[in-house]
file target-v3.cif (mmCIF, C-alpha atoms)
data_query
#
loop_
_atom_site.label_atom_id
_atom_site.label_comp_id
_atom_site.auth_asym_id
_atom_site.auth_seq_id
_atom_site.Cartn_x
_atom_site.Cartn_y
_atom_site.Cartn_z
CA MET A 187 98.95 121.07 107.32
CA GLU A 188 98.39 118.78 110.28
CA LEU A 189 94.80 119.13 111.32
CA GLN A 190 94.54 117.25 114.58
CA ASN A 191 97.43 118.43 116.67
CA ASN A 192 96.09 117.83 120.12
CA ASP A 193 93.20 116.42 122.08
CA ALA A 194 91.62 119.84 122.38
CA ASP A 195 91.14 120.18 118.64
CA GLN A 196 87.58 120.29 117.44
CA LYS A 197 86.75 119.47 113.86
CA PHE A 198 83.98 119.13 111.32
CA LEU A 199 83.97 117.77 107.79
CA LEU A 200 81.69 119.41 105.27
CA LYS A 201 81.07 117.37 102.12
CA VAL A 202 79.34 118.92 99.12
CA ALA A 203 79.47 117.36 95.64
CA ASP A 204 82.03 114.80 96.76
CA LEU A 205 84.41 117.55 97.84
CA THR A 206 85.28 117.49 101.52
CA VAL A 207 86.41 120.47 103.54
CA ALA A 208 87.85 119.91 107.00
CA VAL A 209 87.61 122.77 109.47
CA VAL A 210 89.52 122.45 112.71
CA CYS A 211 90.07 124.72 115.70
CA ASP A 212 91.39 124.63 119.21
CA GLY A 213 88.29 123.66 121.14
CA ARG A 214 89.53 125.40 124.28
CA GLU A 215 89.25 128.74 122.54
CA LEU A 216 86.57 128.35 119.93
CA GLU A 217 83.50 126.22 119.42
CA ILE A 218 82.65 125.49 115.80
CA GLY A 219 79.63 123.93 114.12
CA VAL A 220 77.06 124.35 111.37
CA LYS A 221 73.35 125.07 111.50
CA ASP A 222 70.12 124.19 109.75
CA GLU A 223 70.21 122.32 106.43
CA LYS A 224 73.99 122.51 106.28
CA GLN A 225 74.10 119.86 109.01
CA GLU A 226 72.94 117.34 106.40
CA PHE A 227 76.27 117.85 104.65
CA ILE A 228 78.44 117.02 107.65
CA VAL A 229 80.27 113.71 107.33
CA HIS A 230 82.36 111.85 109.88
CA GLU A 231 85.06 110.35 107.74
CA GLY A 232 86.87 110.87 104.48
CA ALA A 233 90.06 112.43 103.23
CA PRO A 234 89.60 116.19 102.99
CA ASP A 235 90.24 118.07 99.77
CA VAL A 236 90.71 121.25 101.78
CA LYS A 237 92.13 121.65 105.27
CA ILE A 238 91.30 124.80 107.17
CA ARG A 239 92.20 126.01 110.63
CA ALA A 240 89.88 128.53 112.26
CA VAL A 241 91.12 130.91 114.92
CA TRP A 242 90.07 134.05 116.69
CA GLY A 243 92.27 136.90 115.70
CA GLU A 244 92.80 140.55 115.10
CA LEU A 245 92.47 140.89 111.38
CA SER A 246 95.46 142.52 109.85
CA GLU A 247 94.78 143.58 106.30
CA SER A 248 98.31 144.78 105.63
CA ARG A 249 99.57 141.53 104.05
CA MET A 250 96.59 140.85 101.80
CA GLY A 251 98.27 142.32 98.72
CA PHE A 252 96.34 143.70 95.80
CA LYS A 253 92.61 143.58 95.33
CA LEU A 254 91.72 141.01 92.71
CA PHE A 255 87.94 141.25 92.81
CA ASP A 256 85.28 143.25 94.61
CA ALA A 257 81.81 141.74 94.81
CA GLY A 258 80.37 144.89 96.31
CA SER A 259 78.98 144.99 99.78
CA VAL A 260 79.80 141.56 101.12
CA TRP A 261 83.21 140.29 100.03
CA GLN A 262 86.44 141.16 98.31
CA LEU A 263 89.29 138.97 97.17
CA TYR A 264 92.97 139.87 97.46
CA GLN A 265 96.06 138.09 96.26
CA ASN A 266 99.54 138.19 97.69
CA ASP A 267 102.55 135.95 97.25
CA GLY A 268 100.59 132.96 95.98
CA SER A 269 97.85 133.22 98.59
CA TYR A 270 94.25 134.31 98.21
CA PHE A 271 92.53 136.36 100.92
CA PHE A 272 88.76 136.63 101.11
CA ARG A 273 87.72 139.65 103.12
CA LEU A 274 84.18 139.40 104.41
CA ARG A 275 82.20 142.22 105.86
CA SER A 276 78.64 142.97 106.76
CA LEU A 277 76.60 146.08 106.16
CA ALA A 278 75.48 145.84 109.77
CA PHE A 279 79.08 146.06 110.98
CA GLY A 280 80.34 148.83 108.74
CA ASP A 281 83.52 148.45 106.73
CA ARG A 282 85.47 146.37 109.25
CA PRO A 283 85.78 142.73 108.16
CA TYR A 284 84.36 140.09 110.48
CA THR A 285 86.36 137.33 108.77
CA ILE A 286 89.46 137.05 106.66
CA ALA A 287 90.11 133.70 105.03
CA ARG A 288 93.47 132.91 103.52
CA PHE A 289 93.94 130.03 101.07
CA ASN A 290 96.95 128.71 99.27
CA ARG A 291 97.19 128.81 95.48
CA ASN A 292 95.19 125.65 94.80
CA PHE A 293 92.80 126.08 97.73
CA SER A 294 93.92 122.88 99.43
CA GLU A 295 94.81 124.63 102.69
CA GLY A 296 93.59 127.68 104.46
CA GLU A 297 93.20 129.63 107.63
CA ILE A 298 90.12 131.52 108.73
CA LEU A 299 90.57 134.43 111.09
CA LEU A 300 87.42 135.39 112.94
CA HIS A 301 87.13 138.73 114.67
CA PRO A 302 85.73 138.13 118.16
CA ASP A 303 83.88 141.48 118.19
CA PHE A 304 81.42 140.19 115.61
CA PHE A 305 80.44 136.82 117.02
CA ASP A 306 78.37 135.75 119.99
CA PRO A 307 80.84 134.09 122.39
CA GLY A 308 78.13 131.80 123.74
CA GLN A 309 77.29 130.27 120.36
CA ALA A 310 79.12 127.83 118.12
CA VAL A 311 80.61 129.61 115.14
CA ASP A 312 80.51 128.38 111.57
CA PRO A 313 83.82 129.68 110.18
CA LEU A 314 82.54 128.82 106.70
CA SER A 315 79.34 130.81 107.01
CA ALA A 316 77.75 132.23 103.86
CA PRO A 317 79.03 133.35 101.48
CA LEU A 318 82.50 131.96 102.31
CA ASP A 319 81.47 128.32 101.93
CA GLU A 320 80.01 128.93 98.50
CA LEU A 321 83.01 131.00 97.44
CA LEU A 322 85.37 128.23 98.50
CA TYR A 323 83.40 125.58 96.61
CA GLY A 324 83.25 127.88 93.59
CA ALA A 325 87.04 128.11 93.65
CA LEU A 326 87.37 124.33 93.93
CA LEU A 327 84.89 123.64 91.13
CA GLY A 328 86.49 126.18 88.81
CA ARG A 329 89.75 124.22 89.01
CA GLY A 330 88.57 121.56 86.62
CA ARG A 331 85.99 119.92 88.84
CA GLY A 332 82.56 121.19 87.78
CA ALA A 333 80.18 124.11 88.01
CA GLU A 334 77.54 125.50 90.31
CA ILE A 335 74.24 126.27 88.62
CA HIS A 336 71.32 128.44 89.68
CA GLY A 337 68.72 125.74 89.51
CA CYS A 338 66.38 123.37 91.26
CA GLY A 339 67.44 119.73 90.98
CA LEU A 340 65.40 116.65 91.76
CA THR A 341 65.21 112.96 91.08
CA ASP A 342 61.91 111.35 90.13
CA ALA A 343 60.60 107.97 91.27
CA LYS A 344 62.68 106.24 88.58
CA GLY A 345 65.87 107.92 89.74
CA ARG A 346 66.05 110.24 86.73
CA GLY A 347 67.72 113.57 87.41
CA HIS A 348 65.89 116.73 86.33
CA LEU A 349 67.46 120.17 86.53
CA PHE A 350 65.25 123.27 86.32
CA VAL A 351 67.40 126.31 85.64
CA GLY A 352 66.48 129.94 86.14
CA LYS A 353 67.39 133.12 87.94
CA SER A 354 65.64 134.43 91.05
CA GLY A 355 61.91 134.60 90.46
CA ALA A 356 61.91 132.10 87.58
CA GLY A 357 59.96 129.53 89.59
CA LYS A 358 62.59 127.11 90.92
CA THR A 359 61.18 126.92 94.43
CA THR A 360 57.65 126.69 93.02
CA ILE A 361 58.72 123.70 90.91
CA ALA A 362 60.38 122.11 93.95
CA ARG A 363 57.23 122.56 96.05
CA LEU A 364 55.07 121.04 93.31
CA TRP A 365 57.30 117.96 93.15
CA GLN A 366 57.91 117.73 96.89
CA ASP A 367 54.95 115.47 97.67
CA VAL A 368 55.22 113.29 94.58
CA PRO A 369 56.09 109.77 95.85
CA GLY A 370 59.67 108.77 95.17
CA THR A 371 60.91 112.32 94.53
CA THR A 372 64.05 113.65 96.15
CA ILE A 373 64.66 117.38 95.96
CA LEU A 374 68.42 117.96 95.85
CA SER A 375 68.07 121.72 96.11
CA ASP A 376 65.51 124.37 95.28
CA ASP A 377 68.17 126.90 94.31
CA ARG A 378 71.76 125.71 93.82
CA ILE A 379 72.96 122.58 92.07
CA ILE A 380 76.49 121.44 91.37
CA LEU A 381 77.26 119.60 88.15
CA ARG A 382 80.31 117.38 87.77
CA LYS A 383 81.45 114.91 85.16
CA LEU A 384 82.61 111.66 86.65
CA GLU A 385 83.17 108.39 84.82
CA GLU A 386 81.87 109.86 81.57
CA ARG A 387 78.53 110.88 83.08
CA ILE A 388 77.19 114.23 84.16
CA TRP A 389 76.11 114.10 87.80
CA MET A 390 74.11 116.65 89.70
CA TYR A 391 74.55 117.19 93.40
CA GLY A 392 72.46 118.90 96.03
CA THR A 393 73.99 121.76 97.98
CA PRO A 394 73.32 123.41 101.34
CA TRP A 395 72.64 126.75 99.60
CA HIS A 396 68.90 126.43 99.30
CA GLY A 397 66.23 128.89 98.27
CA ASP A 398 63.11 130.05 100.04
CA GLY A 399 61.82 126.47 100.19
CA GLY A 400 64.71 125.44 102.42
CA MET A 401 65.23 122.26 100.41
CA ALA A 402 68.74 120.83 100.48
CA SER A 403 69.96 117.26 100.21
CA PRO A 404 73.48 115.85 99.99
CA SER A 405 72.25 113.26 97.46
CA CYS A 406 73.31 113.10 93.83
CA ALA A 407 71.99 111.61 90.60
CA PRO A 408 72.95 111.24 86.96
CA LEU A 409 71.51 114.20 85.11
CA ARG A 410 68.97 113.26 82.42
CA ARG A 411 67.39 116.53 81.35
CA ILE A 412 67.81 120.27 81.75
CA TYR A 413 64.86 122.66 81.61
CA PHE A 414 65.16 126.43 81.33
CA LEU A 415 62.19 127.90 83.12
CA GLU A 416 59.93 130.42 81.44
CA LYS A 417 56.47 131.48 82.48
CA GLY A 418 53.82 130.37 79.97
CA GLN A 419 50.11 130.27 79.21
CA ARG A 420 50.26 126.48 79.10
CA ASN A 421 52.87 123.81 79.81
CA GLU A 422 55.16 123.45 76.83
CA LEU A 423 58.51 121.81 76.25
CA LEU A 424 60.64 123.17 73.42
CA PRO A 425 63.97 121.53 72.56
CA LYS A 426 66.88 123.91 72.92
CA ARG A 427 69.90 123.71 70.65
CA LYS A 428 73.37 123.43 72.09
CA ALA A 429 74.43 127.03 71.48
CA GLY A 430 71.32 128.47 73.11
CA ALA A 431 71.48 125.99 75.96
CA THR A 432 75.15 126.77 76.59
CA LEU A 433 74.37 130.47 76.72
CA ALA A 434 71.42 130.01 79.07
CA LEU A 435 73.35 127.65 81.34
CA THR A 436 76.34 129.99 81.45
CA ALA A 437 74.10 132.89 82.44
CA CYS A 438 72.87 130.81 85.36
CA SER A 439 76.26 129.59 86.54
CA PHE A 440 78.59 131.02 89.18
CA PRO A 441 82.09 130.96 87.74
CA PRO A 442 84.90 132.43 89.84
CA PHE A 443 85.09 135.70 87.92
CA TYR A 444 88.47 136.56 89.36
CA ASN A 445 90.26 133.69 87.62
CA ARG A 446 90.62 133.52 83.84
CA GLU A 447 91.45 129.81 83.71
CA ALA A 448 88.47 129.00 85.91
CA ILE A 449 86.14 130.99 83.65
CA GLU A 450 87.53 129.23 80.59
CA PHE A 451 87.05 125.86 82.24
CA THR A 452 83.50 126.73 83.34
CA LEU A 453 82.50 127.87 79.85
CA GLY A 454 83.92 124.70 78.33
CA PHE A 455 82.31 122.47 80.92
CA VAL A 456 78.92 124.13 80.61
CA GLY A 457 79.12 123.70 76.82
CA GLU A 458 79.96 120.03 77.30
CA VAL A 459 76.96 119.58 79.58
CA ALA A 460 74.68 121.34 77.10
CA GLY A 461 76.00 119.08 74.35
CA GLU A 462 75.51 115.84 76.26
CA ILE A 463 72.26 116.40 78.13
CA PRO A 464 68.96 117.07 76.35
CA CYS A 465 68.00 120.69 77.04
CA PHE A 466 64.57 122.27 76.78
CA GLU A 467 62.83 125.54 77.30
CA LEU A 468 60.03 124.74 79.72
CA ARG A 469 57.10 127.12 79.61
CA VAL A 470 55.23 126.60 82.80
CA VAL A 471 51.88 127.16 84.34
CA PRO A 472 52.75 126.86 88.02
CA ASP A 473 50.40 124.16 89.21
CA ARG A 474 50.53 120.41 89.78
CA ARG A 475 49.86 119.62 86.11
CA VAL A 476 53.44 120.53 85.23
CA VAL A 477 54.68 117.51 87.21
CA GLU A 478 52.48 115.12 85.21
CA PHE A 479 53.48 116.96 82.04
CA ILE A 480 57.19 116.39 82.70
CA ILE A 481 56.67 112.73 83.61
CA ASP A 482 54.54 112.16 80.50
CA GLN A 483 57.12 113.83 78.29
CA ILE A 484 60.08 111.88 79.63
CA SER A 485 58.14 108.60 79.64
CA GLY A 486 57.37 109.09 75.95
CA ASP A 487 61.04 109.53 75.20
CA ARG A 488 62.58 106.12 74.56
CA ALA A 489 66.08 107.40 75.30
CA ALA A 490 64.98 108.35 78.79
CA MET B 291 87.85 109.41 45.26
CA GLY B 292 84.75 107.72 46.70
CA ALA B 293 85.06 109.67 49.94
CA LYS B 294 85.30 112.91 48.00
CA SER B 295 82.14 112.15 46.04
CA GLU B 296 80.35 111.35 49.26
CA LYS B 297 81.48 114.68 50.69
CA GLU B 298 80.33 116.52 47.60
CA ALA B 299 76.97 114.80 47.70
CA LYS B 300 76.27 115.97 51.27
CA PRO B 301 74.03 119.03 51.23
CA LYS B 302 75.66 122.11 52.70
CA LYS B 303 74.07 123.67 55.75
CA PRO B 304 72.79 127.14 54.98
CA TYR B 305 74.96 129.92 56.34
CA VAL B 306 73.57 131.52 59.43
CA LYS B 307 75.00 134.90 60.28
CA PRO B 308 76.33 134.98 63.85
CA LYS B 309 74.44 137.28 66.13
CA VAL B 310 75.12 138.78 69.50
CA VAL B 311 72.70 137.67 72.17
CA ARG B 312 72.53 139.83 75.25
CA VAL B 313 71.95 138.06 78.55
CA GLN B 314 70.45 139.84 81.51
CA LEU B 315 72.53 139.23 84.61
CA THR B 316 71.99 140.42 88.14
CA PRO B 317 75.52 141.34 89.21
CA GLU B 318 75.10 140.92 92.95
CA GLU B 319 73.51 137.53 92.34
CA VAL B 320 76.12 136.10 89.97
CA VAL B 321 79.06 137.11 92.14
CA LEU B 322 77.41 135.83 95.33
CA GLY B 323 77.24 139.39 96.53
CA THR B 324 74.17 138.76 98.63
CA CYS B 325 73.78 135.97 101.10
CA LYS B 326 71.36 133.09 100.87
CA SER B 327 68.30 133.17 103.07
CA SER B 328 68.72 130.94 106.06
CA GLY B 329 66.05 128.72 107.50
CA GLY B 330 63.70 130.35 109.92
CA SER B 331 64.55 133.89 108.98
CA GLY B 332 61.02 134.67 107.90
CA ALA B 333 59.81 136.95 105.18
CA GLY B 334 60.68 140.59 105.38
CA VAL B 335 63.62 140.15 107.72
CA LEU B 336 66.66 142.17 106.77
CA CYS B 337 69.83 140.16 106.45
CA ARG B 338 72.41 141.60 108.80
CA LEU B 339 75.15 140.54 106.42
CA CYS B 340 74.18 142.15 103.16
CA GLY B 341 71.03 144.11 103.88
CA ALA B 342 68.90 142.00 101.53
CA ILE B 343 65.34 141.13 102.48
CA LEU B 344 65.17 137.46 103.40
CA GLY B 345 62.41 134.99 102.83
CA SER B 346 60.79 137.04 100.10
#
call {"tool": "encode", "arguments": {"input": "target-v3.cif", "output": "structure tokens"}}
result
Amino acid sequence: MELQNNDADQKFLLKVADLTVAVVCDGRELEIGVKDEKQEFIVHEGAPDVKIRAVWGELSESRMGFKLFDAGSVWQLYQNDGSYFFRLRSLAFGDRPYTIARFNRNFSEGEILLHPDFFDPGQAVDPLSAPLDELLYGALLGRGRGAEIHGCGLTDAKGRGHLFVGKSGAGKTTIARLWQDVPGTTILSDDRIILRKLEERIWMYGTPWHGDGGMASPSCAPLRRIYFLEKGQRNELLPKRKAGATLALTACSFPPFYNREAIEFTLGFVGEVAGEIPCFELRVVPDRRVVEFIIDQISGDRAA
Amino acid sequence: MGAKSEKEAKPKKPYVKPKVVRVQLTPEEVVLGTCKSSGGSGAGVLCRLCGAILGS
């Protein structure tokens, strides 16, 4: 796919976890852009892993093929003749889709059709608006690249990567807020972290898909420890064995459920992470003392 | 021969019966069936995409 065909083409490059997605459109017809924290993830150069063209269009559902997966209210996935079709709809708009995104078999190329009825013509449109961006990255990661984890990730003043894993309500954003003002800390995300293995090390990356704290950074760091959040009467750190850590990490991952190979890869990768990175159950009292507690614990560990 | 003796000398780990561990999942969360809250939405605002309450 040739992305820049003419002078009128408008383009942005979104880079998350070292994976770059190029979105291009004809600027005479459509204005594209991203908002809020996602702007931090826009880059201006680099070879894209995925090339997408966005266009206005009437959305014909006749060639989408058979339904592969239904996530409920927001999106469905169809497959036809080697192509995947994400159908996105909103409760506010009824059953009609506002976007249909088609991707080739390995998700290296795609086309996003946007229905003009559902967008404000005076505003720039993000063709990869949630949840399509996350779904696309999930598909890319599941093809041997890594995994997205429900967790808060941060680096401390010594550059050590800490990942606090837990479902909604577990305290991820609370942990992020407690660390936020500690000098030298970078919060990669208060809700979604991507893990990848590159050059024999497990790296964690920030994502634009933040939690209530709105914390999102395109930075990355080698992962040093994983903590599974539990509420406690006092701060406690209990080592977690590989099997238990694999299970807990799997339960807080987002594998592409529609693809057997991707699920197999994700399970294997998560097990590898749990085997390589020290994992702990962290029982937490949600106040500032937990930050000192973590720093004290890791400082006392010679391996850290 | 030596290797075999070494193997024999190693204490066996006690057998632990496998057990099924049930994990509580929130389906709409794990399949990205609700959208993420966006900045500035404010608490209690209904998401027009999925109907979820944002900023809670």
call {"tool": "closest_residue", "arguments": {"input": "target-v3.cif", "among": "A:Thr360, A:Gln262, A:Ser276, A:Asn445", "to": "chain B", "atoms": "only C-alpha atoms"}}
result
A:Ser276
call {"tool": "atom_distance", "arguments": {"input": "target-v3.cif", "atom1": "atom CA of A:Val241", "atom2": "atom CA of A:Phe227"}}
result
22.3 Å
call {"tool": "residues_around", "arguments": {"input": "target-v3.cif", "residues": "A:Ser259", "least_positions_apart": "3", "cutoff": "8 Å", "atoms": "only C-alpha atoms", "output": "list in words"}}
result
Arg275, Ser276 and Leu277 of chain A; Gly323, Thr324 and Cys340 of chain B
call {"tool": "residues_around", "arguments": {"input": "target-v3.cif", "residues": "A:Arg427", "least_positions_apart": "2", "cutoff": "10 Å", "atoms": "only C-alpha atoms", "output": "MDAnalysis selection string"}}
result
chainID A and resid 424:425 429:432 460:461 464:467
call {"tool": "axis_aligned_box", "arguments": {"input": "target-v3.cif", "around": "stretch 270-284 of chain A", "padding_each_side": "3 Å", "output": "lines of an AutoDock Vina configuration file"}}
result
center_x = 84.9
center_y = 141.6
center_z = 104.6
size_x = 24.8
size_y = 20.5
size_z = 18.8
call {"tool": "residues_near_point", "arguments": {"input": "target-v3.cif", "point": "(57.0, 123.9, 94.0)", "cutoff": "9 Å", "atoms": "all atoms listed in the file", "output": "PyMOL selection string"}}
result
chain A and resi 357-366+376+399+472-474
call {"tool": "atom_distance", "arguments": {"input": "target-v3.cif", "atom1": "atom CA of A:Gly392", "atom2": "atom CA of A:Arg410"}}
result
15.1 Å
call {"tool": "resolve_selection", "arguments": {"input": "target-v3.cif", "expression": "the PyMOL selection byres ((chain A) within 6 of (chain B))", "output": "PyMOL selection string"}}
result
chain A and resi 257+260+276-278+317+398+440
call {"tool": "residues_around", "arguments": {"input": "target-v3.cif", "residues": "A:Val351", "least_positions_apart": "2", "cutoff": "8 Å", "atoms": "only C-alpha atoms", "output": "list of chain:residue names"}}
result
A:Ile335, A:His336, A:Gly337, A:Cys338, A:Leu349, A:Lys353, A:Lys358, A:Ile412, A:Tyr413, A:Phe414, A:Leu415, A:Leu435, A:Cys438
call {"tool": "resolve_selection", "arguments": {"input": "target-v3.cif", "expression": "the PyMOL selection byres ((chain A and resi 209) around 6)", "output": "short mmCIF file (atom, residue, chain, number, x, y, z; two decimals) with C-alpha atoms, in the frame of the given file"}}
result
data_model
loop_
_atom_site.label_atom_id
_atom_site.label_comp_id
_atom_site.auth_asym_id
_atom_site.auth_seq_id
_atom_site.Cartn_x
_atom_site.Cartn_y
_atom_site.Cartn_z
CA LYS A 197 86.75 119.47 113.86
CA PHE A 198 83.98 119.13 111.32
CA ALA A 208 87.85 119.91 107.00
CA VAL A 210 89.52 122.45 112.71
CA ILE A 238 91.30 124.80 107.17
CA ARG A 239 92.20 126.01 110.63
#
call {"tool": "resolve_selection", "arguments": {"input": "target-v3.cif", "expression": "the PyMOL selection byres ((chain A and resi 202) around 9)", "output": "PDB file with C-alpha atoms, keeping the file's coordinate frame"}}
result
ATOM      1  CA  LEU A 200      81.690 119.410 105.270  1.00  0.00           C
ATOM      2  CA  LYS A 201      81.070 117.370 102.120  1.00  0.00           C
ATOM      3  CA  ALA A 203      79.470 117.360  95.640  1.00  0.00           C
ATOM      4  CA  ASP A 204      82.030 114.800  96.760  1.00  0.00           C
ATOM      5  CA  LEU A 205      84.410 117.550  97.840  1.00  0.00           C
ATOM      6  CA  THR A 206      85.280 117.490 101.520  1.00  0.00           C
ATOM      7  CA  VAL A 207      86.410 120.470 103.540  1.00  0.00           C
ATOM      8  CA  PHE A 227      76.270 117.850 104.650  1.00  0.00           C
ATOM      9  CA  ILE A 228      78.440 117.020 107.650  1.00  0.00           C
ATOM     10  CA  TYR A 323      83.400 125.580  96.610  1.00  0.00           C
ATOM     11  CA  ILE A 380      76.490 121.440  91.370  1.00  0.00           C
ATOM     12  CA  TYR A 391      74.550 117.190  93.400  1.00  0.00           C
ATOM     13  CA  GLY A 392      72.460 118.900  96.030  1.00  0.00           C
ATOM     14  CA  THR A 393      73.990 121.760  97.980  1.00  0.00           C
ATOM     15  CA  PRO A 394      73.320 123.410 101.340  1.00  0.00           C
ATOM     16  CA  PRO A 404      73.480 115.850  99.990  1.00  0.00           C
TER      17      PRO A 404
END
call {"tool": "atom_distance", "arguments": {"input": "target-v3.cif", "atom1": "atom CA of A:Glu217", "atom2": "atom CA of A:Asp281"}}
result
25.6 Å
call {"tool": "residues_around", "arguments": {"input": "target-v3.cif", "residues": "A:Glu295", "least_positions_apart": "5", "cutoff": "9 Å", "atoms": "all atoms listed in the file", "output": "PyMOL selection string"}}
result
chain A and resi 187+235-239+288-290
call {"tool": "write_last_selection", "arguments": {"input": "target-v3.cif", "atoms": "C-alpha atoms", "output": "compact mmCIF listing (two decimals), keeping the file's coordinate frame"}}
result
# COMPACT_ATOMS: atom_id res chain seq x y z
CA MET A 187 98.95 121.07 107.32
CA ASP A 235 90.24 118.07 99.77
CA VAL A 236 90.71 121.25 101.78
CA LYS A 237 92.13 121.65 105.27
CA ILE A 238 91.30 124.80 107.17
CA ARG A 239 92.20 126.01 110.63
CA ARG A 288 93.47 132.91 103.52
CA PHE A 289 93.94 130.03 101.07
CA ASN A 290 96.95 128.71 99.27
call {"tool": "closest_residue", "arguments": {"input": "target-v3.cif", "among": "A:Glu334, A:Asp487, A:Glu478, A:Asp195", "to": "A:Ala437", "atoms": "all atoms listed in the file"}}
result
A:Glu334
call {"tool": "residues_around", "arguments": {"input": "target-v3.cif", "residues": "A:Leu263", "least_positions_apart": "3", "cutoff": "8 Å", "atoms": "all atoms listed in the file", "output": "PyMOL selection string"}}
result
chain A and resi 253-256+270-273
